[in-house]
file protein_20.cif (mmCIF, C-alpha atoms)
data_data
loop_
_atom_site.label_atom_id
_atom_site.label_comp_id
_atom_site.auth_asym_id
_atom_site.auth_seq_id
_atom_site.Cartn_x
_atom_site.Cartn_y
_atom_site.Cartn_z
CA MET T 1 -9.05 -3.20 4.32
CA TYR T 2 -7.33 0.18 4.13
CA GLY T 3 -9.51 0.82 1.07
CA ALA T 4 -12.51 0.82 3.40
CA LEU T 5 -10.82 3.53 5.46
CA ASP T 6 -10.55 5.60 2.25
CA ILE T 7 -14.33 5.30 1.84
CA ALA T 8 -15.08 6.54 5.36
CA THR T 9 -12.51 9.34 4.94
CA SER T 10 -14.12 10.46 1.67
CA GLY T 11 -17.43 10.70 3.54
CA MET T 12 -15.85 12.81 6.29
CA ILE T 13 -14.19 15.13 3.75
CA ALA T 14 -17.44 15.57 1.81
CA GLN T 15 -19.47 16.36 4.93
CA ARG T 16 -16.81 18.77 6.22
CA THR T 17 -16.82 20.59 2.86
CA ARG T 18 -20.61 20.72 3.02
CA LEU T 19 -20.38 22.21 6.52
CA ASP T 20 -17.91 24.83 5.22
CA VAL T 21 -20.42 25.81 2.54
CA ILE T 22 -23.24 26.03 5.10
CA SER T 23 -21.05 28.18 7.38
CA ALA T 24 -20.33 30.53 4.48
CA ASN T 25 -24.08 30.79 3.78
CA ILE T 26 -24.89 31.61 7.41
CA ALA T 27 -22.02 34.11 7.62
CA ASN T 28 -23.26 35.88 4.48
CA GLU T 29 -26.93 35.91 5.37
CA ASN T 30 -26.99 39.70 5.23
CA THR T 31 -24.25 40.34 2.67
CA LEU T 32 -25.47 42.84 0.09
CA LEU T 33 -22.18 43.89 -1.53
CA ASN T 34 -19.61 41.84 -3.41
CA ALA T 35 -15.86 41.90 -2.77
CA GLN T 36 -15.51 45.01 -4.99
CA GLY T 37 -18.04 46.90 -2.89
CA GLU T 38 -20.76 46.84 -5.59
CA TYR T 39 -24.42 46.03 -4.84
CA ASP T 40 -24.65 42.30 -5.61
CA PRO T 41 -26.52 40.25 -2.96
CA PHE T 42 -24.85 36.98 -1.93
CA ARG T 43 -26.34 33.90 -3.57
CA ARG T 44 -26.73 30.75 -1.50
CA ARG T 45 -24.06 28.09 -2.22
CA MET T 46 -24.88 24.37 -2.40
CA ALA T 47 -22.41 21.48 -2.20
CA LEU T 48 -23.50 18.76 -4.64
CA LEU T 49 -22.47 15.26 -3.57
CA ALA T 50 -22.05 12.28 -5.90
CA PRO T 51 -20.87 8.69 -5.40
CA GLY T 52 -17.26 7.84 -6.31
CA ASN T 53 -13.93 9.05 -4.98
CA PRO T 54 -11.37 10.08 -7.64
CA SER T 55 -8.62 10.63 -5.05
CA ALA T 56 -8.63 6.97 -3.91
CA ARG T 57 -5.49 4.98 -4.73
CA SER T 58 -7.08 1.83 -6.17
CA PRO T 59 -9.60 1.57 -9.06
CA ARG T 60 -11.94 -0.35 -6.77
CA GLY T 61 -11.69 2.44 -4.18
CA GLN T 62 -12.49 5.06 -6.82
CA ALA T 63 -15.86 3.42 -7.48
CA LEU T 64 -16.72 3.53 -3.77
CA GLY T 65 -16.98 6.54 -1.47
CA VAL T 66 -18.38 10.00 -2.02
CA GLN T 67 -17.14 13.29 -3.45
CA VAL T 68 -18.22 16.92 -3.67
CA LYS T 69 -18.91 17.07 -7.40
CA ALA T 70 -19.55 20.82 -7.55
CA ILE T 71 -20.43 23.83 -5.45
CA GLU T 72 -23.20 25.69 -7.23
CA LEU T 73 -25.18 28.86 -6.75
CA ASP T 74 -28.81 28.57 -5.73
CA GLN T 75 -30.81 30.33 -8.48
CA ALA T 76 -33.85 30.81 -6.25
CA PRO T 77 -35.11 34.43 -6.23
CA PHE T 78 -33.69 36.87 -3.68
CA ARG T 79 -35.67 37.89 -0.61
CA LEU T 80 -37.27 41.31 -1.04
CA ARG T 81 -37.40 43.78 1.83
CA TYR T 82 -39.14 47.12 1.81
CA ALA T 83 -36.47 49.73 2.63
CA PRO T 84 -37.14 52.88 0.61
CA ASP T 85 -34.37 54.78 2.40
CA SER T 86 -31.65 52.34 1.34
CA PRO T 87 -29.32 53.56 -1.40
CA HIS T 88 -29.85 50.18 -3.12
CA ALA T 89 -33.64 50.31 -3.19
CA ASP T 90 -35.34 49.88 -6.57
CA ALA T 91 -38.06 52.17 -8.00
CA SER T 92 -40.77 50.69 -5.75
CA GLY T 93 -38.59 50.90 -2.65
CA TYR T 94 -37.49 47.26 -2.26
CA ILE T 95 -33.97 45.92 -1.79
CA ARG T 96 -32.93 42.39 -2.75
CA GLU T 97 -31.35 40.37 0.07
CA PRO T 98 -29.48 37.01 -0.07
CA ASN T 99 -31.73 33.99 -0.78
CA ILE T 100 -30.60 32.35 2.46
CA ASP T 101 -32.95 31.01 5.10
CA SER T 102 -31.05 30.51 8.34
CA THR T 103 -33.44 27.76 9.54
CA THR T 104 -32.76 25.67 6.43
CA GLU T 105 -29.02 26.20 6.89
CA GLN T 106 -29.14 25.21 10.58
CA ILE T 107 -31.00 22.00 9.74
CA ASP T 108 -28.60 21.22 6.89
CA ALA T 109 -25.71 21.81 9.30
CA MET T 110 -27.20 19.38 11.83
CA GLU T 111 -27.63 16.76 9.11
CA ALA T 112 -24.06 17.26 7.91
CA VAL T 113 -22.70 16.87 11.46
CA ARG T 114 -24.70 13.66 12.01
CA ALA T 115 -23.55 12.26 8.67
CA TYR T 116 -19.97 13.14 9.64
CA GLU T 117 -20.40 11.27 12.92
CA ALA T 118 -21.79 8.24 11.07
CA ASN T 119 -18.63 8.22 8.94
CA VAL T 120 -16.47 8.47 12.07
CA ALA T 121 -18.34 5.44 13.47
CA ALA T 122 -17.71 3.56 10.20
CA ALA T 123 -13.99 4.45 10.38
CA GLU T 124 -13.85 3.21 14.00
CA ALA T 125 -15.43 -0.09 12.93
CA ILE T 126 -12.89 -0.46 10.12
CA LYS T 127 -10.02 0.32 12.50
CA SER T 128 -11.24 -2.30 14.97
CA ILE T 129 -11.51 -4.86 12.14
CA ALA T 130 -8.01 -4.00 10.92
CA SER T 131 -6.44 -4.30 14.38
CA GLN T 132 -8.31 -7.55 14.97
CA GLY T 133 -6.95 -8.86 11.65
CA LEU T 134 -3.41 -7.84 12.60
CA ARG T 135 -3.69 -9.75 15.89
CA LEU T 136 -3.84 -12.94 13.82
CA LEU T 137 -0.17 -12.41 12.99
CA ALA T 138 0.96 -11.64 16.52
CA MET D 139 -2.31 -34.01 -0.66
CA THR D 140 0.76 -32.49 0.93
CA LEU D 141 1.25 -32.16 4.65
CA ILE D 142 1.00 -28.38 4.56
CA ASP D 143 -2.39 -28.65 2.82
CA HIS D 144 -3.57 -30.83 5.67
CA VAL D 145 -2.46 -28.15 8.12
CA THR D 146 -3.81 -25.07 6.32
CA ASN D 147 -7.08 -26.68 5.20
CA ALA D 148 -7.71 -28.51 8.45
CA GLY D 149 -11.11 -28.40 10.12
CA ALA D 150 -12.90 -25.07 10.08
CA LEU D 151 -9.93 -22.99 8.86
CA PRO D 152 -11.06 -22.61 5.20
CA SER D 153 -14.59 -21.59 6.15
CA LEU D 154 -13.23 -19.13 8.72
CA GLY D 155 -11.00 -17.65 6.01
CA MET D 156 -14.01 -17.26 3.71
CA THR D 157 -16.06 -15.63 6.46
CA ILE D 158 -13.23 -13.15 7.20
CA GLN D 159 -12.92 -12.26 3.50
CA PHE D 160 -16.68 -11.83 3.23
CA ALA D 161 -16.88 -9.57 6.30
CA ALA D 162 -13.98 -7.42 5.05
CA ARG D 163 -15.58 -6.99 1.59
CA ARG D 164 -18.99 -6.28 3.08
CA GLN D 165 -17.45 -3.61 5.30
CA ASP D 166 -16.48 -1.73 2.10
CA LEU D 167 -20.11 -1.76 0.95
CA LEU D 168 -21.41 -0.59 4.34
CA ALA D 169 -18.81 2.21 4.47
CA HIS D 170 -19.88 3.21 0.94
CA SER D 171 -23.53 3.42 1.98
CA ILE D 172 -22.61 5.49 5.06
CA ALA D 173 -20.37 7.82 3.01
CA ASN D 174 -23.32 8.44 0.65
CA ILE D 175 -25.83 9.01 3.42
CA SER D 176 -26.72 12.44 1.99
CA THR D 177 -26.05 11.92 -1.71
CA PRO D 178 -29.18 12.68 -3.78
CA ARG D 179 -30.77 9.67 -5.52
CA PHE D 180 -28.28 7.27 -3.96
CA GLN D 181 -29.63 3.78 -3.26
CA GLN D 182 -27.96 1.71 -0.55
CA ARG D 183 -26.31 -1.49 -1.74
CA ASP D 184 -25.62 -4.61 0.25
CA VAL D 185 -25.15 -8.36 -0.14
CA SER D 186 -27.30 -10.98 1.55
CA THR D 187 -25.50 -12.62 4.47
CA ALA D 188 -28.03 -15.46 4.41
CA ALA D 189 -27.19 -16.21 0.75
CA PHE D 190 -23.47 -16.25 1.54
CA GLN D 191 -24.00 -18.55 4.53
CA ALA D 192 -26.10 -20.88 2.36
CA THR D 193 -23.30 -21.02 -0.25
CA LEU D 194 -20.75 -21.65 2.49
CA GLY D 195 -22.95 -24.34 4.02
CA GLU D 196 -23.28 -26.15 0.69
CA ALA D 197 -19.50 -26.04 0.20
CA ILE D 198 -18.95 -27.48 3.69
CA GLU D 199 -21.45 -30.27 2.97
CA ARG D 200 -19.68 -31.08 -0.32
CA ARG D 201 -16.30 -31.18 1.43
CA ARG D 202 -17.71 -33.43 4.15
CA ALA D 203 -19.10 -35.80 1.52
CA ALA D 204 -15.76 -35.88 -0.35
CA THR D 205 -13.18 -36.03 2.44
CA GLY D 206 -15.08 -36.63 5.64
CA GLY D 207 -14.69 -33.00 6.66
CA ALA D 208 -11.44 -33.26 8.63
CA SER D 209 -9.44 -31.47 5.96
CA GLY D 210 -9.48 -30.59 2.27
CA ASP D 211 -10.05 -27.58 0.07
CA LEU D 212 -13.32 -25.68 0.39
CA ARG D 213 -14.82 -24.87 -3.03
CA LEU D 214 -17.58 -22.32 -2.86
CA GLY D 215 -20.18 -22.26 -5.60
CA THR D 216 -20.75 -18.88 -7.17
CA SER D 217 -24.07 -17.07 -6.97
CA ARG D 218 -25.40 -13.81 -8.33
CA GLU D 219 -23.89 -11.93 -5.39
CA VAL D 220 -20.83 -13.96 -4.40
CA GLY D 221 -18.07 -14.80 -6.88
CA PHE D 222 -14.30 -14.98 -7.23
CA ASP D 223 -11.87 -13.00 -9.35
CA ARG D 224 -8.92 -14.54 -11.20
CA SER D 225 -6.61 -14.38 -8.18
CA GLY D 226 -9.15 -16.38 -6.16
CA ALA D 227 -10.19 -13.48 -3.95
CA LEU D 228 -13.82 -13.09 -2.98
CA ARG D 229 -15.77 -10.63 -5.14
CA LEU D 230 -19.20 -9.35 -4.10
CA THR D 231 -21.84 -8.05 -6.50
CA PRO D 232 -24.23 -6.05 -4.33
CA ARG D 233 -27.87 -5.31 -5.02
CA SER D 234 -29.91 -2.31 -3.94
CA SER D 235 -31.19 -2.57 -0.41
CA GLY D 236 -33.45 -0.42 1.73
CA GLY D 237 -36.44 -1.06 -0.51
CA ARG D 238 -38.43 2.13 0.03
CA HIS D 239 -36.88 3.63 -3.14
CA GLY D 240 -36.37 6.93 -1.43
CA VAL D 241 -39.99 8.08 -1.35
CA MET D 242 -39.49 9.29 2.23
CA ALA D 243 -36.78 11.84 1.43
CA HIS D 244 -36.83 14.89 -0.84
CA ASP D 245 -33.49 13.88 -2.35
CA ARG D 246 -34.78 10.36 -3.22
CA ASN D 247 -32.06 8.74 -1.11
CA ASN D 248 -33.29 5.58 0.64
CA ARG D 249 -31.06 6.13 3.69
CA ASP D 250 -31.64 3.98 6.74
CA LEU D 251 -28.89 4.94 9.18
CA GLU D 252 -30.04 2.77 12.10
CA GLN D 253 -30.18 -0.34 9.92
CA LEU D 254 -26.75 0.52 8.50
CA MET D 255 -25.22 0.94 11.96
CA GLN D 256 -26.73 -2.35 13.07
CA ASP D 257 -25.25 -4.03 9.98
CA VAL D 258 -21.84 -2.51 10.76
CA ALA D 259 -21.97 -3.72 14.38
CA GLU D 260 -23.04 -7.20 13.20
CA ASN D 261 -20.37 -7.33 10.55
CA VAL D 262 -17.62 -6.32 13.00
CA GLY D 263 -18.94 -9.02 15.35
CA VAL D 264 -18.74 -11.66 12.63
CA PHE D 265 -15.20 -10.58 11.78
CA ARG D 266 -14.11 -10.66 15.45
CA THR D 267 -15.64 -14.09 16.01
CA ALA D 268 -14.00 -15.56 12.92
CA THR D 269 -10.58 -14.05 13.68
CA GLU D 270 -10.72 -15.16 17.35
CA LEU D 271 -11.55 -18.72 16.30
CA MET D 272 -8.75 -18.61 13.75
CA ARG D 273 -6.37 -17.24 16.37
CA SER D 274 -7.09 -20.04 18.80
CA ARG D 275 -6.59 -22.53 15.98
CA ALA D 276 -3.27 -20.87 15.10
CA GLY D 277 -2.34 -20.99 18.80
CA THR D 278 -2.93 -24.75 18.82
CA LEU D 279 -0.72 -25.11 15.73
CA ARG D 280 1.99 -22.97 17.31
CA ALA D 281 1.86 -25.07 20.47
CA ALA D 282 2.20 -28.21 18.35
CA ILE D 283 5.17 -26.81 16.43
CA THR D 284 7.03 -25.44 19.44
CA GLU D 285 5.94 -28.40 21.63
CA ARG D 286 5.04 -25.91 24.35
CA PRO D 287 1.51 -25.21 25.58
#
call {"tool": "encode", "arguments": {"input": "protein_20.cif", "output": "structure tokens"}}
result
Amino acid sequence: MYGALDIATSGMIAQRTRLDVISANIANENTLLNAQGEYDPFRRRMALLAPGNPSARSPRGQALGVQVKAIELDQAPFRLRYAPDSPHADASGYIREPNIDSTTEQIDAMEAVRAYEANVAAAEAIKSIASQGLRLLA
Amino acid sequence: MTLIDHVTNAGALPSLGMTIQFAARRQDLLAHSIANISTPRFQQRDVSTAAFQATLGEAIERRRAATGGASGDLRLGTSREVGFDRSGALRLTPRSSGGRHGVMAHDRNNRDLEQLMQDVAENVGVFRTATELMRSRAGTLRAAITERP
């Protein structure tokens, strides 16, 4: 029974991580420089989910649930903007900007929040089952 | 048959126990499908409640034929989805459900959140019903033991 709670928790953790990644993407929508101050436009990050939960306590629980398998960089081409006055402009006057589309990120964020809520609902159902089961003893 | 067997296997108690085990195991599967609601290429998995009820019904019929149904062990037949492990606990082998094979979503996930939520609500209902019935049965036993209503 508490194994089922592990499953719902793994879903909440995965969706929260995904939301963190989306927040980072939105925050860095216009980031052109890297941490060292060099011209290196921010690449979009993607959280890749996969079934299975290695942090579960039981072998059966490890087969169920979800995990963030990796956070990878989106290799899609950068957006190009014509800005000949920019110090980072190339020979034809274009600068490369992060390959982040804020609409896509907003929609992904909405989906992640809804999926999180679905996991909360599943956890509530499991809690109600567990308390109902415990009442048998009382 | 010992006296305690008569008490613990009396009436509907064994089938209620099976139903509770089934609902608890199925809850794991439903939670798994909800946790993977946005996992690419994930296919929902579930067991058929109708198949389980049919297996349970057959076992009840067999027990009724053997002992008259008032008491006695309930022996469930195994099917492709419902089985037992060595300790005698219920083990479910789910199949893919949802059926649309993910053609509706770019990530090929065949998610169906509304259906899942309905299944969860139903499953919790089944669990509550079975535990309430078992509780009232246990209350009767307790009243008999303590000789107090």
call {"tool": "closest_residue", "arguments": {"input": "protein_20.cif", "among": "T:Ala8, T:Leu33, T:Ile100, T:Ala47", "to": "Pro178 (chain D)", "atoms": "all atoms listed in the file"}}
result
T:Ala47
call {"tool": "closest_residue", "arguments": {"input": "protein_20.cif", "among": "D:Leu167, D:Leu251, D:Ala208, D:Leu214", "to": "Ala189 (chain D)", "atoms": "all atoms listed in the file"}}
result
D:Leu214
call {"tool": "interface_residues", "arguments": {"input": "protein_20.cif", "of": "chain D", "to": "chain T", "cutoff": "6 Å", "atoms": "only C-alpha atoms", "output": "PyMOL selection string"}}
result
chain D and resi 166+169-170+173-174+177+273
call {"tool": "resolve_selection", "arguments": {"input": "protein_20.cif", "expression": "the PyMOL selection byres ((chain D and resi 254) around 10)", "output": "VMD selection string"}}
result
(chain T and resid 118 122) or (chain D and resid 168 to 169 171 to 172 175 182 184 236 249 to 253 255 to 260)
call {"tool": "closest_residue", "arguments": {"input": "protein_20.cif", "among": "D:Ser186, D:Ser235, D:Thr157, D:Thr205", "to": "Thr267 (chain D)", "atoms": "only C-alpha atoms"}}
result
D:Thr157
call {"tool": "axis_aligned_box", "arguments": {"input": "protein_20.cif", "around": "region 262-271 of chain D", "padding_each_side": "8 Å", "output": "AutoDock Vina command-line options"}}
result
--center_x -14.8 --center_y -12.5 --center_z 14.6 --size_x 24.4 --size_y 28.4 --size_z 21.6
